[in-house]
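K.L.:
Next comes upload-v6.pdb, PDB, C-alpha atoms:
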ATOM      1  CA  MET A 205      41.991 299.647 260.778
ATOM      2  CA  PRO A 206      45.110 298.563 258.832
ATOM      3  CA  ARG A 207      45.689 294.870 258.264
ATOM      4  CA  LYS A 208      47.770 293.394 261.072
ATOM      5  CA  THR A 209      51.195 292.361 259.839
ATOM      6  CA  ASN A 210      53.024 289.583 261.524
ATOM      7  CA  TYR A 211      56.579 290.502 262.547
ATOM      8  CA  THR A 212      59.033 288.458 264.545
ATOM      9  CA  LEU A 213      62.251 289.592 266.182
ATOM     10  CA  TYR A 214      65.161 287.148 265.840
ATOM     11  CA  SER A 215      68.739 287.227 266.990
ATOM     12  CA  ILE A 216      70.912 287.341 263.864
ATOM     13  CA  ASP A 217      72.806 284.348 265.255
ATOM     14  CA  SER A 218      69.665 282.223 265.066
ATOM     15  CA  ILE A 219      69.312 282.709 261.283
ATOM     16  CA  ILE A 220      70.979 279.876 259.394
ATOM     17  CA  HIS A 221      71.747 281.680 256.106
ATOM     18  CA  PRO A 222      71.488 285.374 256.945
ATOM     19  CA  LYS A 223      73.405 286.775 253.940
ATOM     20  CA  ALA A 224      70.610 286.322 251.382
ATOM     21  CA  LEU A 225      68.131 287.963 253.736
ATOM     22  CA  LEU A 226      70.445 290.830 254.607
ATOM     23  CA  GLU A 227      71.268 291.616 250.978
ATOM     24  CA  LYS A 228      67.831 293.113 250.250
ATOM     25  CA  PHE A 229      67.841 295.452 253.239
ATOM     26  CA  ASN A 230      67.942 299.167 252.444
ATOM     27  CA  CYS A 231      67.125 301.799 255.051
ATOM     28  CA  GLY A 232      68.376 304.683 252.915
ATOM     29  CA  ASN A 233      71.599 305.165 254.908
ATOM     30  CA  ASP A 234      74.643 303.557 253.246
ATOM     31  CA  GLN A 235      76.678 303.352 256.431
ATOM     32  CA  ILE A 236      73.923 301.538 258.324
ATOM     33  CA  ASN A 237      73.218 299.241 255.346
ATOM     34  CA  HIS A 238      76.913 298.357 255.216
ATOM     35  CA  PHE A 239      76.972 297.591 258.930
ATOM     36  CA  LEU A 240      74.078 295.135 258.663
ATOM     37  CA  LYS A 241      75.175 293.441 255.447
ATOM     38  CA  VAL A 242      78.889 293.155 256.178
ATOM     39  CA  GLU A 243      80.004 294.143 259.639
ATOM     40  CA  SER A 244      77.222 292.587 261.696
ATOM     41  CA  LEU A 245      78.355 289.135 260.569
ATOM     42  CA  THR A 246      82.013 289.547 261.476
ATOM     43  CA  ALA A 247      83.391 287.929 264.598
ATOM     44  CA  LYS A 248      84.465 291.292 266.012
ATOM     45  CA  SER A 249      80.957 292.677 265.694
ATOM     46  CA  ARG A 250      79.410 289.553 267.116
ATOM     47  CA  ASN A 251      81.677 289.854 270.154
ATOM     48  CA  GLU A 252      80.797 293.472 270.751
ATOM     49  CA  LEU A 253      77.190 293.788 269.649
ATOM     50  CA  LEU A 254      73.978 291.828 269.767
ATOM     51  CA  THR A 255      72.048 292.267 266.548
ATOM     52  CA  PHE A 256      68.357 291.477 266.216
ATOM     53  CA  VAL A 257      66.495 291.517 262.917
ATOM     54  CA  LEU A 258      62.785 292.112 262.543
ATOM     55  CA  ILE A 259      61.331 289.711 259.995
ATOM     56  CA  ASP A 260      58.108 290.333 258.073
ATOM     57  CA  ASN A 261      56.676 286.824 258.257
ATOM     58  CA  ASP A 262      54.415 287.339 255.215
ATOM     59  CA  LYS A 263      57.150 288.489 252.837
ATOM     60  CA  LYS A 264      60.018 286.686 254.570
ATOM     61  CA  GLU A 265      62.230 289.744 254.506
ATOM     62  CA  ILE A 266      63.945 292.052 256.969
ATOM     63  CA  ALA A 267      61.773 295.015 257.918
ATOM     64  CA  GLY A 268      64.226 296.480 260.438
ATOM     65  CA  PHE A 269      67.011 295.695 262.849
ATOM     66  CA  LEU A 270      68.750 296.853 265.983
ATOM     67  CA  SER A 271      72.190 296.291 267.481
ATOM     68  CA  SER A 272      73.030 296.863 271.098
ATOM     69  CA  ALA A 273      76.024 296.702 273.413
ATOM     70  CA  VAL A 274      76.836 297.595 276.986
ATOM     71  CA  GLY A 275      78.775 300.639 278.078
ATOM     72  CA  GLN A 276      79.756 302.985 280.839
ATOM     73  CA  LEU A 277      78.973 306.665 281.249
ATOM     74  CA  ASP A 278      81.378 308.699 283.366
ATOM     75  CA  LEU A 279      80.089 311.869 284.965
ATOM     76  CA  LYS A 280      83.016 314.098 285.866
ATOM     77  CA  PRO A 281      83.979 317.741 286.392
ATOM     78  CA  LYS A 282      85.422 319.773 283.536
ATOM     79  CA  GLN A 283      88.306 320.759 285.802
ATOM     80  CA  ASP A 284      89.777 318.974 288.820
ATOM     81  CA  ASN A 285      87.393 319.476 291.679
ATOM     82  CA  ASP A 286      87.580 317.350 294.824
ATOM     83  CA  ALA A 287      84.130 318.421 295.990
ATOM     84  CA  PHE A 288      82.538 317.088 292.832
ATOM     85  CA  GLU A 289      80.638 313.851 293.091
ATOM     86  CA  ARG A 290      82.141 311.615 290.360
ATOM     87  CA  GLU A 291      79.973 308.802 289.144
ATOM     88  CA  SER A 292      79.959 305.979 286.615
ATOM     89  CA  LEU A 293      76.710 304.542 285.311
ATOM     90  CA  SER A 294      76.216 301.434 283.185
ATOM     91  CA  PHE A 295      74.096 301.683 280.074
ATOM     92  CA  ILE A 296      72.760 299.680 277.191
ATOM     93  CA  ASN A 297      73.950 301.316 274.008
ATOM     94  CA  LEU A 298      71.647 301.227 271.016
ATOM     95  CA  ALA A 299      74.448 301.208 268.463
ATOM     96  CA  TYR A 300      72.305 300.724 265.342
ATOM     97  CA  PHE A 301      68.579 301.002 264.766
ATOM     98  CA  ALA A 302      66.971 301.135 261.319
ATOM     99  CA  ILE A 303      63.799 300.338 259.419
ATOM    100  CA  ASP A 304      63.830 299.298 255.751
ATOM    101  CA  ALA A 305      62.666 302.118 253.433
ATOM    102  CA  ASP A 306      59.628 300.047 252.293
ATOM    103  CA  TYR A 307      58.422 299.818 255.898
ATOM    104  CA  GLN A 308      59.089 303.381 257.015
ATOM    105  CA  GLY A 309      56.144 305.599 257.968
ATOM    106  CA  LYS A 310      54.036 302.643 259.172
ATOM    107  CA  GLY A 311      54.783 302.881 262.882
ATOM    108  CA  LEU A 312      57.195 299.970 262.808
ATOM    109  CA  GLY A 313      60.057 302.032 264.263
ATOM    110  CA  ARG A 314      57.878 302.806 267.254
ATOM    111  CA  SER A 315      57.020 299.123 267.726
ATOM    112  CA  LEU A 316      60.633 298.010 267.439
ATOM    113  CA  PHE A 317      61.842 300.697 269.822
ATOM    114  CA  VAL A 318      59.249 299.682 272.420
ATOM    115  CA  GLU A 319      60.510 296.093 272.103
ATOM    116  CA  PHE A 320      64.028 297.396 272.698
ATOM    117  CA  ILE A 321      62.884 299.348 275.766
ATOM    118  CA  ARG A 322      61.253 296.245 277.188
ATOM    119  CA  MET A 323      64.423 294.233 276.579
ATOM    120  CA  CYS A 324      66.411 296.922 278.432
ATOM    121  CA  ILE A 325      63.970 296.998 281.347
ATOM    122  CA  THR A 326      64.170 293.227 281.669
ATOM    123  CA  ALA A 327      67.996 293.378 281.567
ATOM    124  CA  SER A 328      68.014 296.162 284.173
ATOM    125  CA  LEU A 329      66.131 293.948 286.611
ATOM    126  CA  TYR A 330      68.948 291.386 286.504
ATOM    127  CA  SER A 331      71.952 293.707 286.354
ATOM    128  CA  LYS A 332      73.230 297.140 287.285
ATOM    129  CA  VAL A 333      72.394 298.618 283.894
ATOM    130  CA  SER A 334      70.509 301.831 284.560
ATOM    131  CA  LEU A 335      70.481 303.851 281.324
ATOM    132  CA  ILE A 336      69.703 303.610 277.647
ATOM    133  CA  TYR A 337      72.291 305.554 275.647
ATOM    134  CA  LEU A 338      72.525 306.156 271.913
ATOM    135  CA  GLU A 339      74.125 308.514 269.445
ATOM    136  CA  SER A 340      71.375 309.623 267.119
ATOM    137  CA  VAL A 341      71.639 310.793 263.531
ATOM    138  CA  ASP A 342      70.127 314.240 262.977
ATOM    139  CA  GLU A 343      66.803 313.147 261.495
ATOM    140  CA  SER A 344      66.089 310.673 264.339
ATOM    141  CA  VAL A 345      66.520 313.038 267.290
ATOM    142  CA  LYS A 346      62.807 313.965 267.297
ATOM    143  CA  PHE A 347      61.755 310.318 267.140
ATOM    144  CA  TYR A 348      63.902 309.335 270.127
ATOM    145  CA  HIS A 349      62.706 312.387 272.048
ATOM    146  CA  LYS A 350      59.115 311.296 271.451
ATOM    147  CA  MET A 351      60.071 307.893 272.852
ATOM    148  CA  GLY A 352      61.354 309.498 276.069
ATOM    149  CA  LEU A 353      65.080 310.118 275.509
ATOM    150  CA  GLU A 354      66.804 313.416 276.266
ATOM    151  CA  LEU A 355      69.795 314.985 274.557
ATOM    152  CA  VAL A 356      72.919 314.739 276.718
ATOM    153  CA  ASN A 357      73.584 318.375 275.870
ATOM    154  CA  ARG A 358      70.199 320.058 275.580
ATOM    155  CA  ASN A 359      71.716 322.901 273.542
ATOM    156  CA  ASN A 360      73.233 320.559 270.976
ATOM    157  CA  THR A 361      70.159 320.167 268.775
ATOM    158  CA  PRO A 362      70.227 319.606 264.997
ATOM    159  CA  GLU A 363      68.359 322.918 264.589
ATOM    160  CA  ARG A 364      70.999 324.802 266.571
ATOM    161  CA  GLN A 365      73.812 323.141 264.605
ATOM    162  CA  ARG A 366      72.129 324.139 261.329
ATOM    163  CA  GLU A 367      71.830 327.724 262.581
ATOM    164  CA  TYR A 368      75.621 327.718 262.968
ATOM    165  CA  GLY A 369      75.925 326.465 259.381
ATOM    166  CA  ASN A 370      77.151 322.986 260.359
ATOM    167  CA  ASP A 371      76.416 319.875 258.280
ATOM    168  CA  THR A 372      74.297 317.865 260.754
ATOM    169  CA  SER A 373      74.537 314.683 258.683
ATOM    170  CA  LYS A 374      78.114 314.376 259.969
ATOM    171  CA  ILE A 375      77.260 315.007 263.616
ATOM    172  CA  SER A 376      75.940 312.486 266.127
ATOM    173  CA  PHE A 377      73.626 313.580 268.898
ATOM    174  CA  PRO A 378      74.104 311.627 272.162
ATOM    175  CA  MET A 379      70.801 310.921 273.928
ATOM    176  CA  LEU A 380      69.884 308.935 276.992
ATOM    177  CA  VAL A 381      67.208 308.087 279.535
ATOM    178  CA  ASN A 382      67.128 306.420 282.921
ATOM    179  CA  ILE A 383      65.442 303.019 282.621
ATOM    180  CA  ASP A 384      63.624 303.534 285.941
ATOM    181  CA  ALA A 385      62.011 306.637 284.437
ATOM    182  CA  LEU A 386      60.586 304.484 281.638
ATOM    183  CA  ILE A 387      59.212 302.010 284.200
ATOM    184  CA  ASP A 388      57.632 304.921 286.113
ATOM    185  CA  ASN A 389      56.048 306.031 282.848
ATOM    186  CA  GLY A 390      54.330 302.675 282.404
ATOM    187  CA  TYR A 391      56.748 300.637 280.297
ATOM    188  CA  LEU A 392      56.867 297.058 281.503
ATOM    189  CA  PRO A 393      59.402 294.217 281.349
ATOM    190  CA  TYR A 394      58.435 290.883 279.849
ATOM    191  CA  GLU A 395      55.950 289.396 282.280
ATOM    192  CA  CYS A 396      56.917 285.878 281.297
ATOM    193  CA  ASN A 397      60.213 286.272 283.126
ATOM    194  CA  PHE A 398      58.463 286.412 286.464
ATOM    195  CA  SER A 399      56.128 284.148 288.364
ATOM    196  CA  ALA A 400      52.449 284.930 287.844
ATOM    197  CA  LYS A 401      51.780 284.450 291.541
ATOM    198  CA  SER A 402      53.366 286.392 294.339
ATOM    199  CA  ILE A 403      54.679 284.629 297.438
TER     200      ILE A 403
ATOM    201  CA  MET B 116     115.846 294.372 270.210
ATOM    202  CA  PHE B 117     114.066 297.669 269.641
ATOM    203  CA  LEU B 118     111.915 296.051 266.967
ATOM    204  CA  ASP B 119     111.041 293.207 269.342
ATOM    205  CA  MET B 120     109.942 295.719 271.958
ATOM    206  CA  CYS B 121     107.794 297.543 269.390
ATOM    207  CA  ILE B 122     106.141 294.313 268.294
ATOM    208  CA  LEU B 123     105.548 293.299 271.916
ATOM    209  CA  SER B 124     104.034 296.731 272.662
ATOM    210  CA  LEU B 125     101.727 296.511 269.665
ATOM    211  CA  TYR B 126     100.691 293.007 270.708
ATOM    212  CA  LEU B 127      99.887 294.177 274.241
ATOM    213  CA  ILE B 128      97.922 297.183 272.942
ATOM    214  CA  LYS B 129      95.923 294.863 270.698
ATOM    215  CA  GLU B 130      95.224 292.443 273.558
ATOM    216  CA  VAL B 131      94.087 295.228 275.884
ATOM    217  CA  SER B 132      91.929 296.828 273.195
ATOM    218  CA  ASN B 133      90.299 293.450 272.607
ATOM    219  CA  MET B 134      89.492 293.208 276.284
ATOM    220  CA  VAL B 135      88.028 296.669 276.674
ATOM    221  CA  GLY B 136      86.589 296.941 273.179
ATOM    222  CA  VAL B 137      83.308 295.353 274.154
ATOM    223  CA  VAL B 138      82.435 298.262 276.397
ATOM    224  CA  LYS B 139      81.318 301.558 274.889
ATOM    225  CA  LYS B 140      82.655 304.504 276.835
ATOM    226  CA  ALA B 141      80.957 307.874 277.124
ATOM    227  CA  THR B 142      81.765 310.888 279.280
ATOM    228  CA  VAL B 143      79.759 313.919 280.275
ATOM    229  CA  SER B 144      81.599 316.803 281.925
ATOM    230  CA  PHE B 145      80.081 319.456 284.163
ATOM    231  CA  ASN B 146      81.225 322.863 285.383
ATOM    232  CA  ASN B 147      79.738 322.371 288.830
ATOM    233  CA  GLN B 148      77.499 320.235 291.045
ATOM    234  CA  GLU B 149      74.383 322.201 290.030
ATOM    235  CA  GLU B 150      74.893 321.303 286.383
ATOM    236  CA  LEU B 151      75.228 317.639 287.361
ATOM    237  CA  THR B 152      72.042 317.765 289.459
ATOM    238  CA  ASP B 153      70.180 319.448 286.617
ATOM    239  CA  PHE B 154      71.422 316.762 284.204
ATOM    240  CA  LYS B 155      70.313 313.948 286.512
ATOM    241  CA  ASN B 156      66.890 315.518 287.006
ATOM    242  CA  ARG B 157      66.494 315.723 283.247
ATOM    243  CA  ILE B 158      67.393 312.088 282.500
ATOM    244  CA  ASN B 159      65.554 310.668 285.504
ATOM    245  CA  LYS B 160      62.162 311.540 284.069
ATOM    246  CA  VAL B 161      60.635 311.269 280.649
ATOM    247  CA  PRO B 162      58.894 314.245 278.997
ATOM    248  CA  SER B 163      55.267 314.633 280.081
ATOM    249  CA  PHE B 164      53.980 314.006 276.544
ATOM    250  CA  VAL B 165      55.465 310.474 276.525
ATOM    251  CA  ASN B 166      52.902 307.935 277.654
ATOM    252  CA  PHE B 167      53.210 304.189 277.347
ATOM    253  CA  LYS B 168      49.463 303.666 277.045
ATOM    254  CA  ASN B 169      49.290 306.044 274.075
ATOM    255  CA  VAL B 170      52.298 304.387 272.474
ATOM    256  CA  ASN B 171      50.692 300.958 272.908
ATOM    257  CA  GLU B 172      47.458 302.228 271.402
ATOM    258  CA  LYS B 173      49.308 303.609 268.371
ATOM    259  CA  ILE B 174      51.101 300.294 267.881
ATOM    260  CA  ARG B 175      47.764 298.459 267.908
ATOM    261  CA  LYS B 176      46.287 300.944 265.430
ATOM    262  CA  ASP B 177      49.281 300.647 263.099
ATOM    263  CA  GLY B 178      48.960 296.865 263.166
ATOM    264  CA  ALA B 179      52.688 296.522 263.676
ATOM    265  CA  GLU B 180      52.859 294.227 266.674
ATOM    266  CA  ILE B 181      56.019 292.221 267.179
ATOM    267  CA  ASP B 182      56.460 288.654 268.308
ATOM    268  CA  ARG B 183      59.734 287.861 270.030
ATOM    269  CA  GLY B 184      60.571 284.638 268.233
ATOM    270  CA  ARG B 185      63.241 282.740 270.082
ATOM    271  CA  LEU B 186      64.470 285.702 272.100
ATOM    272  CA  PHE B 187      63.035 284.269 275.282
ATOM    273  CA  ASN B 188      61.810 280.811 276.018
ATOM    274  CA  ALA B 189      58.326 281.590 277.243
ATOM    275  CA  LYS B 190      55.288 283.249 275.768
ATOM    276  CA  GLU B 191      53.281 286.028 277.329
ATOM    277  CA  ASN B 192      49.605 285.402 278.032
TER     278      ASN B 192
END
For this file, write the structure as structure tokens.
P.N.:
Amino acid sequence: MPRKTNYTLYSIDSIIHPKALLEKFNCGNDQINHFLKVESLTAKSRNELLTFVLIDNDKKEIAGFLSSAVGQLDLKPKQDNDAFERESLSFINLAYFAIDADYQGKGLGRSLFVEFIRMCITASLYSKVSLIYLESVDESVKFYHKMGLELVNRNNTPERQREYGNDTSKISFPMLVNIDALIDNGYLPYECNFSAKSI
Amino acid sequence: MFLDMCILSLYLIKEVSNMVGVVKKATVSFNNQEELTDFKNRINKVPSFVNFKNVNEKIRKDGAEIDRGRLFNAKEN
């Protein structure tokens, strides 16, 4: 049994001097590193996204982070069609999700994603948010699929894109899942938000 | 006058984009109602191999359990 490591998830706004902590973070993707170190601290980003960092309490460093926002998914016909049932669904968008290279391969991504799912389920109980939506990089599609998400276009897989000779590192793969489906599968909201006794 | 109008237009565009910028927009288009139904059926369930109990067990085995810090103001039992 591996030694239990103590991790805590904090809102980036609750960290007093985040820059020094953020500087060491390296997930292996320059664009995501840049977002966390520079963009996540800007006012624009703070208005649009909520960023949470996962702190390794033993080493006092960032092991991973996630940023989320809200959004709207429109379901519509390709061509004008009055008989078509148009619909708009609200979602929580996982805009950024990354684990530091030193912590990869230890199951921490799974743990952090489950935390995110539970946050979404809790939010869905208080609002009309019904989906989790994200645009995955090519190498993460399998991970998100294992966690229950489906590709928006089931034919648009990284494997299929590679078969066509496309550079998948420049393509995003939209994925989503209905939050109720996660609840049906056994995921739970934070119990502490509800009374222990029923009335 | 023309320049003033241009500046005003740019200002309005910026204001509107600030207002709507907080919401991510996504669209999925379908050829027909059957495609839409098929899409909904797909996203309204998770694949059979996904199981929360197994995921929880793996998290315990990995020793990578997460505390929520100050995210919420109460602790779970």
K.L.:
Apply the PyMOL selection byres ((chain B and resi 157-170) around 9) to the file shown and report the selected residues as a ChimeraX atom specification.
P.N.:
/A:314-315,318,335,349-356,380-386,388-391 /B:152-156,171-175
K.L.:
Evaluated on this file, the PyMOL selection byres ((chain A) within 6 of (chain B)) picks out some residues - which ones are they, written as an NGL selection string?
P.N.:
:A and (208-209 or 211-214 or 252 or 274-282 or 311-312 or 352 or 381-382 or 385 or 390-391 or 396)
K.L.:
Hey, can you check how far atom CA of A:Ser373 sits from atom CA of A:Asp342?
P.N.:
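Spanning atom CA of A:Ser373 to atom CA of A:Asp342 is a straight-line distance of 6.2 Å.
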K.L.:
Which is closest to A:Glu319 among A:Ile236, A:Leu253, A:Leu270, A:Leu225, if we use only C-alpha atoms?
P.N.:
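Looking only at the distances to A:Glu319, the closest residue turns out to be A:Leu270.
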K.L.:
How many Å separate atom CA of A:Gly313 from atom CA of A:Ser344?
P.N.:
10.5 Å
K.L.:
Using all atoms listed in the file, give me every residue within 12 Å of (77.8, 314.0, 256.9) in file coordinates, as a PDB file with C-alpha atoms, in the frame of the given file.
P.N.:
ATOM      1  CA  ASN A 233      71.599 305.165 254.908  1.00  0.00           C
ATOM      2  CA  ASP A 234      74.643 303.557 253.246  1.00  0.00           C
ATOM      3  CA  GLN A 235      76.678 303.352 256.431  1.00  0.00           C
ATOM      4  CA  VAL A 341      71.639 310.793 263.531  1.00  0.00           C
ATOM      5  CA  ASP A 342      70.127 314.240 262.977  1.00  0.00           C
ATOM      6  CA  GLU A 343      66.803 313.147 261.495  1.00  0.00           C
ATOM      7  CA  ASN A 370      77.151 322.986 260.359  1.00  0.00           C
ATOM      8  CA  ASP A 371      76.416 319.875 258.280  1.00  0.00           C
ATOM      9  CA  THR A 372      74.297 317.865 260.754  1.00  0.00           C
ATOM     10  CA  SER A 373      74.537 314.683 258.683  1.00  0.00           C
ATOM     11  CA  LYS A 374      78.114 314.376 259.969  1.00  0.00           C
ATOM     12  CA  ILE A 375      77.260 315.007 263.616  1.00  0.00           C
ATOM     13  CA  SER A 376      75.940 312.486 266.127  1.00  0.00           C
TER      14      SER A 376
END
K.L.:
Would you mind listing what lies within 9 Å of A:Ser272 as a PyMOL selection string, with all atoms listed in the file counted and same-chain residues fewer than 5 positions away left out?
P.N.:
chain A and resi 252-256+296-301
K.L.:
Just the selected residues (C-alpha atoms), exported as an mmCIF file, keeping the file's coordinate frame, please.
P.N.:
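So result_1.cif came out as:
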data_model
loop_
_atom_site.group_PDB
_atom_site.id
_atom_site.type_symbol
_atom_site.label_atom_id
_atom_site.label_comp_id
_atom_site.auth_asym_id
_atom_site.auth_seq_id
_atom_site.Cartn_x
_atom_site.Cartn_y
_atom_site.Cartn_z
ATOM 1 C CA GLU A 252 80.797 293.472 270.751
ATOM 2 C CA LEU A 253 77.190 293.788 269.649
ATOM 3 C CA LEU A 254 73.978 291.828 269.767
ATOM 4 C CA THR A 255 72.048 292.267 266.548
ATOM 5 C CA PHE A 256 68.357 291.477 266.216
ATOM 6 C CA ILE A 296 72.760 299.680 277.191
ATOM 7 C CA ASN A 297 73.950 301.316 274.008
ATOM 8 C CA LEU A 298 71.647 301.227 271.016
ATOM 9 C CA ALA A 299 74.448 301.208 268.463
ATOM 10 C CA TYR A 300 72.305 300.724 265.342
ATOM 11 C CA PHE A 301 68.579 301.002 264.766
#
